[in-house]
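For reference, model09.txt (compact mmCIF, C-alpha atoms):
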```
# COMPACT_ATOMS: atom_id res chain seq x y z
CA MET A 1 100.70 94.94 77.34
CA SER A 2 99.52 94.10 73.83
CA ALA A 3 97.85 90.81 74.74
CA GLY A 4 97.49 88.79 77.90
CA LEU A 5 95.35 87.71 80.81
CA ILE A 6 95.08 89.53 84.11
CA PHE A 7 93.78 87.87 87.28
CA ILE A 8 92.77 90.21 90.14
CA TRP A 9 91.65 89.23 93.64
CA ILE A 10 88.87 91.53 94.84
CA HIS A 11 86.30 91.97 97.58
CA LYS A 12 82.67 91.96 96.46
CA LEU A 13 82.18 95.64 97.36
CA ILE A 14 84.57 96.82 94.62
CA GLN A 15 83.74 94.28 91.92
CA ALA A 16 81.81 96.70 89.67
CA ASP A 17 84.50 99.39 90.03
CA VAL A 18 87.27 96.96 89.07
CA VAL A 19 85.35 95.71 86.02
CA ARG A 20 84.77 99.33 84.87
CA MET A 21 88.42 100.26 85.44
CA MET A 22 89.71 97.23 83.53
CA SER A 23 87.27 97.95 80.69
CA SER A 24 88.64 101.50 80.47
CA LEU A 25 92.10 99.93 80.01
CA GLY A 26 90.86 97.81 77.09
CA CYS A 27 90.47 94.58 79.06
CA ARG A 28 87.41 92.35 78.67
CA TYR A 29 85.90 90.46 81.59
CA VAL A 30 86.20 86.71 80.89
CA GLU A 31 85.38 84.71 84.02
CA ASN A 32 85.63 84.60 87.79
CA LEU A 33 86.58 82.11 90.44
CA VAL A 34 85.37 82.18 94.04
CA TRP A 35 87.43 81.16 97.04
CA PHE A 36 84.88 80.10 99.67
CA LYS A 37 86.64 80.40 103.01
CA LYS A 38 86.09 78.22 106.02
CA SER A 39 87.49 78.69 109.49
CA VAL A 40 89.71 76.06 111.06
CA ASN A 41 86.68 74.57 112.85
CA ASN A 42 85.12 73.87 109.40
CA VAL A 43 82.49 76.65 109.63
CA PRO A 44 82.02 79.21 106.84
CA LEU A 45 83.71 82.51 107.66
CA ASP A 46 81.50 85.40 108.64
CA ILE A 47 83.41 88.49 107.59
CA PRO A 48 81.44 91.70 108.28
CA SER A 49 80.25 93.58 105.21
CA PRO A 50 77.82 96.52 104.87
CA TYR A 51 74.91 94.47 103.52
CA ILE A 52 75.46 90.71 103.63
CA SER A 53 78.35 89.06 105.45
CA SER A 54 81.13 87.78 103.22
CA THR A 55 82.58 84.28 103.15
CA LYS A 56 84.57 84.60 99.95
CA GLU A 57 87.22 86.29 97.86
CA ILE A 58 86.69 86.67 94.13
CA LEU A 59 89.33 86.22 91.44
CA LEU A 60 88.33 88.16 88.32
CA MET A 61 89.87 87.19 84.97
CA PHE A 62 90.32 89.75 82.19
CA LYS A 63 91.65 89.40 78.66
CA LYS A 64 93.38 92.05 76.60
CA GLY A 65 94.15 91.65 72.92
CA GLU A 66 93.87 88.57 70.74
CA GLY A 67 95.95 85.50 70.02
CA ILE A 68 95.80 83.92 73.46
CA ASP A 69 94.86 80.26 73.42
CA LEU A 70 93.05 79.15 76.55
CA ARG A 71 92.79 75.47 77.32
CA HIS A 72 89.25 74.48 78.28
CA GLN A 73 88.90 73.28 81.84
CA ARG A 74 86.34 71.15 83.51
CA THR A 75 87.22 72.42 86.95
CA ALA A 76 84.73 74.16 89.21
CA ASP A 77 84.60 77.93 89.53
CA VAL A 78 84.62 77.62 93.33
CA ILE A 79 87.49 76.58 95.58
CA ILE A 80 86.61 75.66 99.14
CA ASP A 81 89.57 76.08 101.44
CA PHE A 82 90.41 77.10 104.97
CA GLU A 83 91.54 80.60 105.83
CA HIS A 84 95.11 80.96 106.99
CA PRO A 85 95.48 82.10 110.61
CA LEU A 86 96.57 85.73 110.78
CA ALA A 87 99.64 84.81 112.79
CA ASP A 88 100.90 82.77 109.82
CA TRP A 89 101.30 85.75 107.49
CA THR A 90 100.48 89.23 108.88
CA HIS A 91 103.82 89.76 110.63
CA GLN A 92 105.62 90.01 107.27
CA GLU A 93 103.06 90.53 104.50
CA TYR A 94 99.84 92.40 103.82
CA THR A 95 97.78 89.84 101.91
CA GLU A 96 96.63 86.34 102.72
CA PRO A 97 98.16 83.35 100.90
CA LYS A 98 95.85 82.01 98.19
CA PRO A 99 94.95 78.34 97.65
CA PRO A 100 97.44 76.35 95.51
CA ALA A 101 94.53 75.22 93.29
CA VAL A 102 94.39 78.75 91.85
CA TYR A 103 97.90 78.43 90.42
CA ASP A 104 97.06 75.00 89.01
CA MET A 105 93.98 76.47 87.30
CA ILE A 106 95.97 79.31 85.72
CA GLU A 107 98.72 76.95 84.54
CA THR A 108 96.11 74.62 83.02
CA LEU A 109 94.38 77.51 81.24
CA LEU A 110 97.66 78.76 79.77
CA PRO A 111 99.94 75.77 79.13
CA GLN A 112 102.07 77.69 76.61
CA ALA A 113 102.95 80.31 79.23
CA GLY A 114 104.52 77.84 81.65
CA TYR A 115 108.18 77.09 82.09
CA ASN A 116 110.05 76.80 78.80
CA GLU A 117 113.16 74.61 79.03
CA ASN A 118 114.79 76.31 76.01
CA LEU A 119 114.27 79.83 77.36
CA LYS A 120 114.89 78.80 80.99
CA ARG A 121 111.92 80.88 82.10
CA GLY A 122 108.14 81.15 81.95
CA ARG A 123 105.70 83.97 81.30
CA PHE A 124 103.67 84.06 84.51
CA VAL A 125 104.05 87.12 86.77
CA GLU A 126 102.63 87.32 90.27
CA LEU A 127 102.51 90.59 92.17
CA TRP A 128 102.25 90.43 95.97
CA ALA A 129 103.38 86.82 95.99
CA LYS A 130 103.97 85.10 99.30
CA ARG A 131 107.61 84.61 100.25
CA ALA A 132 106.83 81.37 102.07
CA ASN A 133 105.08 79.77 99.09
CA PRO A 134 107.08 77.15 97.19
CA LYS A 135 108.66 78.45 93.99
CA ARG A 136 106.72 77.43 90.89
CA ASP A 137 108.32 76.76 87.52
CA GLY A 138 107.55 79.50 85.02
CA TRP A 139 106.55 82.14 87.56
CA LEU A 140 108.26 85.46 88.26
CA ALA A 141 107.25 86.50 91.78
CA PHE A 142 107.27 89.96 93.35
CA HIS A 143 106.94 90.16 97.13
CA GLN A 144 105.76 93.17 99.10
CA ILE A 145 107.25 92.92 102.53
CA LYS A 146 106.99 94.88 105.72
CA SER A 147 110.40 95.86 106.99
CA PHE A 148 111.55 98.12 109.72
CA THR A 149 114.54 100.42 109.88
CA GLY A 150 116.22 102.03 112.83
CA ARG A 151 115.08 105.44 111.58
CA LEU A 152 111.35 104.87 112.05
CA PRO A 153 109.39 103.80 115.09
CA SER A 154 108.69 100.08 114.93
CA SER A 155 104.97 100.79 114.50
CA GLN A 156 105.58 102.34 111.06
CA PRO A 157 106.44 99.75 108.40
CA VAL A 158 108.53 100.64 105.38
CA GLU A 159 107.05 99.03 102.30
CA THR A 160 109.45 97.44 99.85
CA MET A 161 109.08 95.23 96.82
CA GLU A 162 111.54 92.50 96.03
CA LEU A 163 111.83 90.33 92.97
CA ASP A 164 112.28 86.59 93.30
CA LEU A 165 114.20 85.29 90.29
CA GLN A 166 114.79 81.80 91.64
CA GLN A 167 113.35 78.90 89.72
CA SER A 168 112.10 75.89 91.62
CA SER A 169 114.11 72.73 91.32
```
Kindly present the structure from the file in structure tokens form.
Amino acid sequence: MSAGLIFIWIHKLIQADVVRMMSSLGCRYVENLVWFKKSVNNVPLDIPSPYISSTKEILLMFKKGEGIDLRHQRTADVIIDFEHPLADWTHQEYTEPKPPAVYDMIETLLPQAGYNENLKRGRFVELWAKRANPKRDGWLAFHQIKSFTGRLPSSQPVETMELDLQQSS
């Protein structure tokens, strides 16, 4: 990649390691966004952590290279949303669906990267996208799914990646 932005969801325990790793790859830390999670009964989550309990996920934003125009936003750097019940996503995927406001924020930051009618594609790539999420114009989505074959016991998932080339209508 000669120039671009990378957004990475992390847990607070590995934040410093991720920033160091990205720096070693020539990427500069730009900003972060916090997803403050609440349970379905409207109480902040209390996820165990070695020092202080965690109620959030952090989206780190890195920039590599020059020539990327970012549109200024007046949106908050915190999204407050409810966690998704495990039963809604763990049977097929490894990671929790993220709030739709995150995609809106990225698309607002990078309006030139969105869907281009002339090219019939966009320039957004999402790894570990959720299969159940609605397709977004301009996004290329890769899904990591759990699948089972007759050759392995059902307790051992076979990891596969699939590419979703469909555009939303």
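Distance-wise, atom CA of Gly114 of chain A and atom CA of Leu140 of chain A end up 10.8 Å apart.
Distance check against Ile80 of chain A using all atoms listed in the file: of A:Val102, A:Leu110, A:Cys27, A:Ala16, the minimum falls on A:Val102.
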Q: Determine the nearest neighbour of Arg71 of chain A from the options A:Asp88, A:Glu107, A:Glu57, A:Glu117, counting all atoms listed in the file.
A: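 Selected residue with least distance to Arg71 of chain A: A:Glu107.
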(Q) Env of Lys12 of chain A: 12 Å cut, atoms = only C-alpha atoms, seq-sep filter 3 positions within chain, self excluded. Answer as a VMD selection string. (A) chain A and resid 9 15 to 19 32 34 to 35 47 to 60
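Atom pair atom CA of Phe82 of chain A / atom CA of Ile8 of chain A: separated by 19.9 Å.
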Q. Which is closer to Asp81 of chain A than all the others in A:Leu5, A:Val40, A:Met105, A:Ile14, using only C-alpha atoms?
A.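 Answer, going by the shortest atom-to-atom distance: A:Val40.
With only C-alpha atoms as the atoms that count, the residue of A:Met61, A:Leu45, A:Leu70, A:Ala3 with the shortest distance to Thr108 of chain A is A:Leu70.
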Model the absent atoms of segment 7-28 of chain A so that N, CA and C atoms are present, and write the result as a PDB file, in the coordinates of the input.
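After the write, result19.pdb holds the following:
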```
ATOM      1  N   PHE A   7      94.606  88.440  86.219  1.00  0.00           N
ATOM      2  CA  PHE A   7      93.780  87.870  87.280  1.00  0.00           C
ATOM      3  C   PHE A   7      93.902  88.801  88.484  1.00  0.00           C
ATOM      4  N   ILE A   8      92.765  89.252  89.029  1.00  0.00           N
ATOM      5  CA  ILE A   8      92.770  90.210  90.140  1.00  0.00           C
ATOM      6  C   ILE A   8      91.874  89.698  91.263  1.00  0.00           C
ATOM      7  N   TRP A   9      92.446  89.581  92.462  1.00  0.00           N
ATOM      8  CA  TRP A   9      91.650  89.230  93.640  1.00  0.00           C
ATOM      9  C   TRP A   9      90.945  90.485  94.136  1.00  0.00           C
ATOM     10  N   ILE A  10      89.641  90.363  94.390  1.00  0.00           N
ATOM     11  CA  ILE A  10      88.870  91.530  94.840  1.00  0.00           C
ATOM     12  C   ILE A  10      87.903  91.129  95.945  1.00  0.00           C
ATOM     13  N   HIS A  11      87.409  92.134  96.638  1.00  0.00           N
ATOM     14  CA  HIS A  11      86.300  91.970  97.580  1.00  0.00           C
ATOM     15  C   HIS A  11      85.033  92.345  96.825  1.00  0.00           C
ATOM     16  N   LYS A  12      83.921  91.768  97.198  1.00  0.00           N
ATOM     17  CA  LYS A  12      82.670  91.960  96.460  1.00  0.00           C
ATOM     18  C   LYS A  12      82.234  93.425  96.387  1.00  0.00           C
ATOM     19  N   LEU A  13      82.615  94.247  97.356  1.00  0.00           N
ATOM     20  CA  LEU A  13      82.180  95.640  97.360  1.00  0.00           C
ATOM     21  C   LEU A  13      82.791  96.464  96.233  1.00  0.00           C
ATOM     22  N   ILE A  14      83.926  96.039  95.689  1.00  0.00           N
ATOM     23  CA  ILE A  14      84.570  96.820  94.620  1.00  0.00           C
ATOM     24  C   ILE A  14      84.522  96.127  93.266  1.00  0.00           C
ATOM     25  N   GLN A  15      83.763  95.060  93.162  1.00  0.00           N
ATOM     26  CA  GLN A  15      83.740  94.280  91.920  1.00  0.00           C
ATOM     27  C   GLN A  15      83.345  95.135  90.717  1.00  0.00           C
ATOM     28  N   ALA A  16      82.260  95.889  90.805  1.00  0.00           N
ATOM     29  CA  ALA A  16      81.810  96.700  89.670  1.00  0.00           C
ATOM     30  C   ALA A  16      82.850  97.756  89.301  1.00  0.00           C
ATOM     31  N   ASP A  17      83.478  98.370  90.303  1.00  0.00           N
ATOM     32  CA  ASP A  17      84.500  99.390  90.030  1.00  0.00           C
ATOM     33  C   ASP A  17      85.702  98.792  89.305  1.00  0.00           C
ATOM     34  N   VAL A  18      86.126  97.605  89.711  1.00  0.00           N
ATOM     35  CA  VAL A  18      87.270  96.960  89.070  1.00  0.00           C
ATOM     36  C   VAL A  18      86.937  96.587  87.626  1.00  0.00           C
ATOM     37  N   VAL A  19      85.740  96.067  87.390  1.00  0.00           N
ATOM     38  CA  VAL A  19      85.350  95.710  86.020  1.00  0.00           C
ATOM     39  C   VAL A  19      85.327  96.963  85.143  1.00  0.00           C
ATOM     40  N   ARG A  20      84.779  98.076  85.648  1.00  0.00           N
ATOM     41  CA  ARG A  20      84.770  99.330  84.870  1.00  0.00           C
ATOM     42  C   ARG A  20      86.188  99.826  84.595  1.00  0.00           C
ATOM     43  N   MET A  21      87.047  99.791  85.622  1.00  0.00           N
ATOM     44  CA  MET A  21      88.420 100.260  85.440  1.00  0.00           C
ATOM     45  C   MET A  21      89.151  99.423  84.400  1.00  0.00           C
ATOM     46  N   MET A  22      89.029  98.104  84.491  1.00  0.00           N
ATOM     47  CA  MET A  22      89.710  97.230  83.530  1.00  0.00           C
ATOM     48  C   MET A  22      89.163  97.442  82.126  1.00  0.00           C
ATOM     49  N   SER A  23      87.866  97.670  82.000  1.00  0.00           N
ATOM     50  CA  SER A  23      87.270  97.950  80.690  1.00  0.00           C
ATOM     51  C   SER A  23      87.852  99.236  80.107  1.00  0.00           C
ATOM     52  N   SER A  24      88.054 100.243  80.948  1.00  0.00           N
ATOM     53  CA  SER A  24      88.640 101.500  80.470  1.00  0.00           C
ATOM     54  C   SER A  24      90.081 101.317  79.995  1.00  0.00           C
ATOM     55  N   LEU A  25      90.732 100.240  80.447  1.00  0.00           N
ATOM     56  CA  LEU A  25      92.100  99.930  80.010  1.00  0.00           C
ATOM     57  C   LEU A  25      92.119  98.977  78.817  1.00  0.00           C
ATOM     58  N   GLY A  26      90.938  98.686  78.260  1.00  0.00           N
ATOM     59  CA  GLY A  26      90.860  97.810  77.090  1.00  0.00           C
ATOM     60  C   GLY A  26      90.848  96.333  77.412  1.00  0.00           C
ATOM     61  N   CYS A  27      90.504  95.985  78.637  1.00  0.00           N
ATOM     62  CA  CYS A  27      90.470  94.580  79.060  1.00  0.00           C
ATOM     63  C   CYS A  27      89.017  94.114  79.165  1.00  0.00           C
ATOM     64  N   ARG A  28      88.749  92.932  78.628  1.00  0.00           N
ATOM     65  CA  ARG A  28      87.410  92.350  78.670  1.00  0.00           C
ATOM     66  C   ARG A  28      87.296  91.358  79.820  1.00  0.00           C
TER      67      ARG A  28
END
```
